[in-house]
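Here is the structure we will look at, set down as structure tokens.
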Amino acid sequence: MKKIYRVVKNEDFSSVVKKGHTLKNDSYTIHYLASELGYSRIGISVSSKLGHAVVRNKIKRQIRAILDIKIDYTKSSYDIVVIARSGYLEKEFSDNSILLDNLLSKITGLTNE
């Protein structure tokens, strides 16, 4: 994922969470908000309740890998914040990939399909 496709600033995260729409399942909470940038940006958040730094970084790498396969960043214009939930640790990578894909497909025009 290129740097321009990331939500990095705290104020951007906050505005997406406060003003955006929400989708949830056992493994993820996704907040999304339409933007006028011409491309989509993704932010990933993993709580310290899910594990120490090594575990959290592994989760973020896995989510980033799923998103790189599933999303065409130039196809639509959304700011998206993906938050990993405790159910993430209970499932296999392939199951988590399917769950994230199901949530992303509910956001119009975002996925590659």
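Labeling convention for the structure tokens: chains A, B, ... as they appear, residues from 1 per chain, ligands from 1 in order of appearance.
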
Which of chain A DSSP labels strand (DSSP E or B), written as a list of chain:residue names: A:Arg6, A:His21, A:Thr22, A:Leu23, A:Lys24, A:Tyr28, A:Thr29, A:Ile30, A:His31, A:Tyr32, A:Leu33, A:Ala34, A:Arg41, A:Ile42, A:Gly43, A:Ile44, A:Ser45, A:Val46, A:Ile71, A:Tyr78, A:Asp79, A:Ile80, A:Val81, A:Val82, A:Ile83, A:Ala84, A:Thr111

For the selection you just gave me, I'd like the residues written to a file as a CSV table (one decimal), in the first residue's frame, keeping N, CA, C and O atoms.
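Result went into again38.csv, see below:
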```
chain,number,residue,atom,x,y,z
A,6,ARG,N,-2.9,6.0,2.6
A,6,ARG,CA,-3.1,5.7,4.0
A,6,ARG,C,-3.6,6.9,4.7
A,6,ARG,O,-3.3,8.1,4.4
A,21,HIS,N,-20.0,6.3,8.2
A,21,HIS,CA,-20.9,5.2,8.4
A,21,HIS,C,-20.1,4.0,9.0
A,21,HIS,O,-18.8,3.9,8.9
A,22,THR,N,-20.8,3.1,9.6
A,22,THR,CA,-20.1,2.0,10.3
A,22,THR,C,-20.6,0.6,9.9
A,22,THR,O,-21.8,0.4,9.7
A,23,LEU,N,-19.7,-0.3,9.7
A,23,LEU,CA,-20.0,-1.7,9.4
A,23,LEU,C,-19.3,-2.6,10.4
A,23,LEU,O,-18.1,-2.3,10.7
A,24,LYS,N,-19.9,-3.7,10.9
A,24,LYS,CA,-19.3,-4.5,11.9
A,24,LYS,C,-19.5,-6.0,11.7
A,24,LYS,O,-20.5,-6.4,11.1
A,28,TYR,N,-14.0,-7.4,12.7
A,28,TYR,CA,-13.7,-6.0,12.2
A,28,TYR,C,-14.8,-5.0,12.5
A,28,TYR,O,-16.0,-5.4,12.6
A,29,THR,N,-14.4,-3.8,12.7
A,29,THR,CA,-15.3,-2.6,12.6
A,29,THR,C,-14.7,-1.7,11.5
A,29,THR,O,-13.5,-1.4,11.6
A,30,ILE,N,-15.6,-1.4,10.6
A,30,ILE,CA,-15.1,-0.5,9.5
A,30,ILE,C,-15.9,0.8,9.5
A,30,ILE,O,-17.1,0.8,9.5
A,31,HIS,N,-15.2,1.9,9.6
A,31,HIS,CA,-15.8,3.2,9.5
A,31,HIS,C,-15.4,3.8,8.1
A,31,HIS,O,-14.2,3.7,7.8
A,32,TYR,N,-16.3,4.3,7.4
A,32,TYR,CA,-16.0,4.9,6.1
A,32,TYR,C,-16.7,6.2,5.8
A,32,TYR,O,-17.8,6.4,6.3
A,33,LEU,N,-16.1,7.0,5.1
A,33,LEU,CA,-16.6,8.4,4.8
A,33,LEU,C,-16.2,8.7,3.3
A,33,LEU,O,-15.0,8.6,3.0
A,34,ALA,N,-17.1,9.2,2.5
A,34,ALA,CA,-16.8,9.6,1.2
A,34,ALA,C,-15.9,10.9,1.2
A,34,ALA,O,-16.0,11.7,2.1
A,41,ARG,N,-8.4,6.1,0.8
A,41,ARG,CA,-7.3,6.0,1.8
A,41,ARG,C,-7.8,5.1,2.9
A,41,ARG,O,-8.9,5.0,3.2
A,42,ILE,N,-6.8,4.3,3.4
A,42,ILE,CA,-7.1,3.3,4.4
A,42,ILE,C,-6.3,3.6,5.7
A,42,ILE,O,-5.1,3.9,5.6
A,43,GLY,N,-6.9,3.5,6.8
A,43,GLY,CA,-6.3,3.5,8.1
A,43,GLY,C,-6.6,2.2,8.9
A,43,GLY,O,-7.7,1.7,8.8
A,44,ILE,N,-5.6,1.7,9.6
A,44,ILE,CA,-5.7,0.4,10.3
A,44,ILE,C,-5.4,0.7,11.8
A,44,ILE,O,-4.4,1.3,12.1
A,45,SER,N,-6.3,0.2,12.6
A,45,SER,CA,-6.1,0.4,14.1
A,45,SER,C,-6.3,-1.0,14.7
A,45,SER,O,-7.2,-1.7,14.5
A,46,VAL,N,-5.3,-1.3,15.6
A,46,VAL,CA,-5.4,-2.5,16.4
A,46,VAL,C,-5.2,-2.1,17.9
A,46,VAL,O,-4.1,-1.6,18.2
A,71,ILE,N,-8.9,-4.2,-2.8
A,71,ILE,CA,-9.3,-2.9,-3.1
A,71,ILE,C,-8.5,-2.3,-4.3
A,71,ILE,O,-7.3,-2.4,-4.4
A,78,TYR,N,-13.0,7.1,-0.9
A,78,TYR,CA,-13.4,6.9,0.5
A,78,TYR,C,-12.2,7.0,1.4
A,78,TYR,O,-11.1,6.6,1.0
A,79,ASP,N,-12.5,7.5,2.6
A,79,ASP,CA,-11.5,7.4,3.7
A,79,ASP,C,-12.1,6.3,4.6
A,79,ASP,O,-13.3,6.3,5.0
A,80,ILE,N,-11.3,5.2,4.8
A,80,ILE,CA,-11.8,4.0,5.5
A,80,ILE,C,-10.8,3.8,6.7
A,80,ILE,O,-9.6,3.8,6.6
A,81,VAL,N,-11.4,3.5,7.9
A,81,VAL,CA,-10.7,3.1,9.0
A,81,VAL,C,-11.1,1.7,9.4
A,81,VAL,O,-12.3,1.4,9.6
A,82,VAL,N,-10.2,0.7,9.4
A,82,VAL,CA,-10.4,-0.7,9.7
A,82,VAL,C,-9.9,-0.9,11.1
A,82,VAL,O,-8.7,-0.7,11.4
A,83,ILE,N,-10.8,-1.3,12.0
A,83,ILE,CA,-10.4,-1.6,13.4
A,83,ILE,C,-10.5,-3.1,13.6
A,83,ILE,O,-11.6,-3.7,13.4
A,84,ALA,N,-9.5,-3.8,14.1
A,84,ALA,CA,-9.5,-5.2,14.4
A,84,ALA,C,-10.1,-5.4,15.7
A,84,ALA,O,-9.9,-4.7,16.7
A,111,THR,N,-14.4,-2.4,-4.1
A,111,THR,CA,-13.6,-3.6,-4.4
A,111,THR,C,-13.3,-3.8,-5.9
A,111,THR,O,-13.9,-3.2,-6.7
```

Polymer residues at most 9 Å from Leu89 of chain A, only C-alpha atoms, same-chain spacing of 5 or more positions, as a list in words: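 Once the adjacent positions are removed, what remains is Ser27, Leu50 and Ile59 of chain A.
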
Write the residues of the selection above to a file with N, CA and C atoms, as a short mmCIF file (atom, residue, chain, number, x, y, z; two decimals), in the first residue's frame.
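This went into again_33.cif:
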```
data_model
loop_
_atom_site.label_atom_id
_atom_site.label_comp_id
_atom_site.auth_asym_id
_atom_site.auth_seq_id
_atom_site.Cartn_x
_atom_site.Cartn_y
_atom_site.Cartn_z
N SER A 27 -14.87 -9.87 13.58
CA SER A 27 -13.44 -9.59 13.48
C SER A 27 -13.10 -8.12 13.23
N LEU A 50 -5.48 -6.56 22.13
CA LEU A 50 -5.34 -7.76 21.30
C LEU A 50 -3.98 -8.43 21.44
N ILE A 59 -1.02 -8.40 12.88
CA ILE A 59 -2.41 -8.19 12.48
C ILE A 59 -2.50 -7.09 11.43
#
```

Atom-to-atom span, atom CA of Asp101 of chain A and atom CA of Ser15 of chain A, Å: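 A separation of 23.6 Å between them.
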
Distance of atom CA of Phe13 of chain A from atom CA of Lys60 of chain A, expressed in Å to one decimal place: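 Going from atom CA of Lys60 of chain A over to atom CA of Phe13 of chain A covers 15.8 Å.
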
Expected answer as a list in words: alpha helix (DSSP H) residues in segment 5-56 of chain A: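 Across segment 5-56 of chain A, those assigned alpha helix (DSSP H) are Asn10, Glu11, Asp12, Phe13, Ser14, Ser15, Val16, Val17, Lys18, Lys19, Ala53, Val54, Val55 and Arg56 of chain A.
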
Would you put the residues from that selection into a file with N, CA and C atoms, as a PDB file, in the first residue's frame?
```pdb
ATOM      1  N   ASN A  10      -4.207  11.890  12.990  1.00  0.00           N
ATOM      2  CA  ASN A  10      -5.204  11.623  14.014  1.00  0.00           C
ATOM      3  C   ASN A  10      -6.520  12.339  13.707  1.00  0.00           C
ATOM      4  N   GLU A  11      -6.452  13.550  13.194  1.00  0.00           N
ATOM      5  CA  GLU A  11      -7.677  14.297  12.882  1.00  0.00           C
ATOM      6  C   GLU A  11      -8.473  13.634  11.754  1.00  0.00           C
ATOM      7  N   ASP A  12      -7.786  13.008  10.802  1.00  0.00           N
ATOM      8  CA  ASP A  12      -8.466  12.279   9.738  1.00  0.00           C
ATOM      9  C   ASP A  12      -9.159  11.027  10.283  1.00  0.00           C
ATOM     10  N   PHE A  13      -8.451  10.290  11.160  1.00  0.00           N
ATOM     11  CA  PHE A  13      -9.057   9.133  11.801  1.00  0.00           C
ATOM     12  C   PHE A  13     -10.318   9.554  12.555  1.00  0.00           C
ATOM     13  N   SER A  14     -10.192  10.612  13.344  1.00  0.00           N
ATOM     14  CA  SER A  14     -11.310  11.070  14.169  1.00  0.00           C
ATOM     15  C   SER A  14     -12.503  11.495  13.340  1.00  0.00           C
ATOM     16  N   SER A  15     -12.268  12.207  12.250  1.00  0.00           N
ATOM     17  CA  SER A  15     -13.393  12.661  11.431  1.00  0.00           C
ATOM     18  C   SER A  15     -14.096  11.502  10.746  1.00  0.00           C
ATOM     19  N   VAL A  16     -13.354  10.485  10.314  1.00  0.00           N
ATOM     20  CA  VAL A  16     -13.975   9.315   9.686  1.00  0.00           C
ATOM     21  C   VAL A  16     -14.817   8.566  10.709  1.00  0.00           C
ATOM     22  N   VAL A  17     -14.303   8.399  11.921  1.00  0.00           N
ATOM     23  CA  VAL A  17     -15.028   7.661  12.954  1.00  0.00           C
ATOM     24  C   VAL A  17     -16.271   8.427  13.400  1.00  0.00           C
ATOM     25  N   LYS A  18     -16.154   9.741  13.546  1.00  0.00           N
ATOM     26  CA  LYS A  18     -17.287  10.542  14.043  1.00  0.00           C
ATOM     27  C   LYS A  18     -18.356  10.793  12.986  1.00  0.00           C
ATOM     28  N   LYS A  19     -17.948  11.097  11.776  1.00  0.00           N
ATOM     29  CA  LYS A  19     -18.898  11.507  10.731  1.00  0.00           C
ATOM     30  C   LYS A  19     -19.300  10.380   9.790  1.00  0.00           C
ATOM     31  N   ALA A  53       3.128  -5.659  20.969  1.00  0.00           N
ATOM     32  CA  ALA A  53       3.451  -4.978  19.715  1.00  0.00           C
ATOM     33  C   ALA A  53       3.663  -5.937  18.547  1.00  0.00           C
ATOM     34  N   VAL A  54       4.308  -7.070  18.800  1.00  0.00           N
ATOM     35  CA  VAL A  54       4.574  -8.024  17.724  1.00  0.00           C
ATOM     36  C   VAL A  54       3.263  -8.560  17.147  1.00  0.00           C
ATOM     37  N   VAL A  55       2.323  -8.891  18.018  1.00  0.00           N
ATOM     38  CA  VAL A  55       1.029  -9.413  17.581  1.00  0.00           C
ATOM     39  C   VAL A  55       0.249  -8.343  16.831  1.00  0.00           C
ATOM     40  N   ARG A  56       0.224  -7.133  17.360  1.00  0.00           N
ATOM     41  CA  ARG A  56      -0.509  -6.034  16.708  1.00  0.00           C
ATOM     42  C   ARG A  56       0.063  -5.730  15.336  1.00  0.00           C
TER      43      ARG A  56
END
```

Atom-to-atom span, atom CA of Lys75 of chain A and atom CA of Tyr39 of chain A, Å: 6.8 Å

Shell around Asn96 of chain A at 12 Å using only C-alpha atoms, local window under 5 positions removed, as number ranges by chain: A: 25-28, 59, 62-63, 65-67, 84-91, 101-103

Go ahead and save the picked residues with N, CA, C and O atoms, as a short mmCIF file (atom, residue, chain, number, x, y, z; two decimals), in the first residue's frame.
```
data_model
loop_
_atom_site.label_atom_id
_atom_site.label_comp_id
_atom_site.auth_asym_id
_atom_site.auth_seq_id
_atom_site.Cartn_x
_atom_site.Cartn_y
_atom_site.Cartn_z
N ASN A 25 -18.58 -6.78 12.12
CA ASN A 25 -18.77 -8.22 12.27
C ASN A 25 -17.89 -8.66 13.43
O ASN A 25 -17.39 -7.83 14.19
N ASP A 26 -17.67 -9.96 13.60
CA ASP A 26 -16.91 -10.45 14.76
C ASP A 26 -15.45 -10.01 14.75
O ASP A 26 -14.86 -9.82 15.80
N SER A 27 -14.87 -9.87 13.58
CA SER A 27 -13.44 -9.59 13.48
C SER A 27 -13.10 -8.12 13.23
O SER A 27 -11.98 -7.70 13.52
N TYR A 28 -14.02 -7.36 12.66
CA TYR A 28 -13.70 -6.00 12.23
C TYR A 28 -14.82 -5.01 12.55
O TYR A 28 -15.99 -5.37 12.57
N ILE A 59 -1.02 -8.40 12.88
CA ILE A 59 -2.41 -8.19 12.48
C ILE A 59 -2.50 -7.09 11.43
O ILE A 59 -3.20 -7.23 10.42
N GLN A 62 -1.27 -8.34 8.08
CA GLN A 62 -2.24 -9.22 7.45
C GLN A 62 -3.40 -8.43 6.86
O GLN A 62 -3.83 -8.70 5.73
N ILE A 63 -3.91 -7.47 7.60
CA ILE A 63 -5.02 -6.65 7.09
C ILE A 63 -4.58 -5.87 5.86
O ILE A 63 -5.30 -5.79 4.86
N ALA A 65 -2.31 -6.71 3.71
CA ALA A 65 -2.18 -7.65 2.60
C ALA A 65 -3.55 -7.97 1.99
O ALA A 65 -3.70 -8.03 0.77
N ILE A 66 -4.54 -8.17 2.85
CA ILE A 66 -5.90 -8.43 2.35
C ILE A 66 -6.41 -7.24 1.56
O ILE A 66 -6.97 -7.39 0.47
N LEU A 67 -6.22 -6.04 2.09
CA LEU A 67 -6.72 -4.83 1.43
C LEU A 67 -6.05 -4.60 0.09
O LEU A 67 -6.70 -4.16 -0.86
N ALA A 84 -9.45 -3.76 14.06
CA ALA A 84 -9.49 -5.19 14.36
C ALA A 84 -10.14 -5.39 15.72
O ALA A 84 -9.86 -4.66 16.67
N ARG A 85 -11.04 -6.38 15.81
CA ARG A 85 -11.72 -6.70 17.06
C ARG A 85 -11.18 -8.01 17.63
O ARG A 85 -10.41 -8.72 16.96
N SER A 86 -11.58 -8.34 18.83
CA SER A 86 -11.05 -9.52 19.52
C SER A 86 -11.33 -10.83 18.77
O SER A 86 -10.57 -11.78 18.89
N GLY A 87 -12.41 -10.88 17.99
CA GLY A 87 -12.73 -12.07 17.22
C GLY A 87 -11.70 -12.38 16.15
O GLY A 87 -11.64 -13.51 15.64
N TYR A 88 -10.87 -11.41 15.80
CA TYR A 88 -9.84 -11.61 14.78
C TYR A 88 -8.87 -12.73 15.20
O TYR A 88 -8.47 -13.55 14.37
N LEU A 89 -8.51 -12.76 16.46
CA LEU A 89 -7.53 -13.72 16.95
C LEU A 89 -8.06 -15.15 16.98
O LEU A 89 -7.29 -16.10 16.97
N GLU A 90 -9.37 -15.29 17.01
CA GLU A 90 -9.99 -16.60 17.12
C GLU A 90 -10.15 -17.31 15.77
O GLU A 90 -10.48 -18.48 15.74
N LYS A 91 -9.92 -16.60 14.68
CA LYS A 91 -10.16 -17.14 13.35
C LYS A 91 -8.86 -17.27 12.57
O LYS A 91 -7.87 -16.61 12.85
N ASP A 101 -13.64 -9.03 3.25
CA ASP A 101 -14.15 -8.88 1.89
C ASP A 101 -15.66 -8.66 1.89
O ASP A 101 -16.18 -7.84 1.14
N ASN A 102 -16.37 -9.38 2.75
CA ASN A 102 -17.82 -9.21 2.86
C ASN A 102 -18.20 -7.80 3.29
O ASN A 102 -19.13 -7.21 2.75
N LEU A 103 -17.47 -7.26 4.25
CA LEU A 103 -17.76 -5.89 4.69
C LEU A 103 -17.42 -4.87 3.61
O LEU A 103 -18.17 -3.93 3.38
#
```
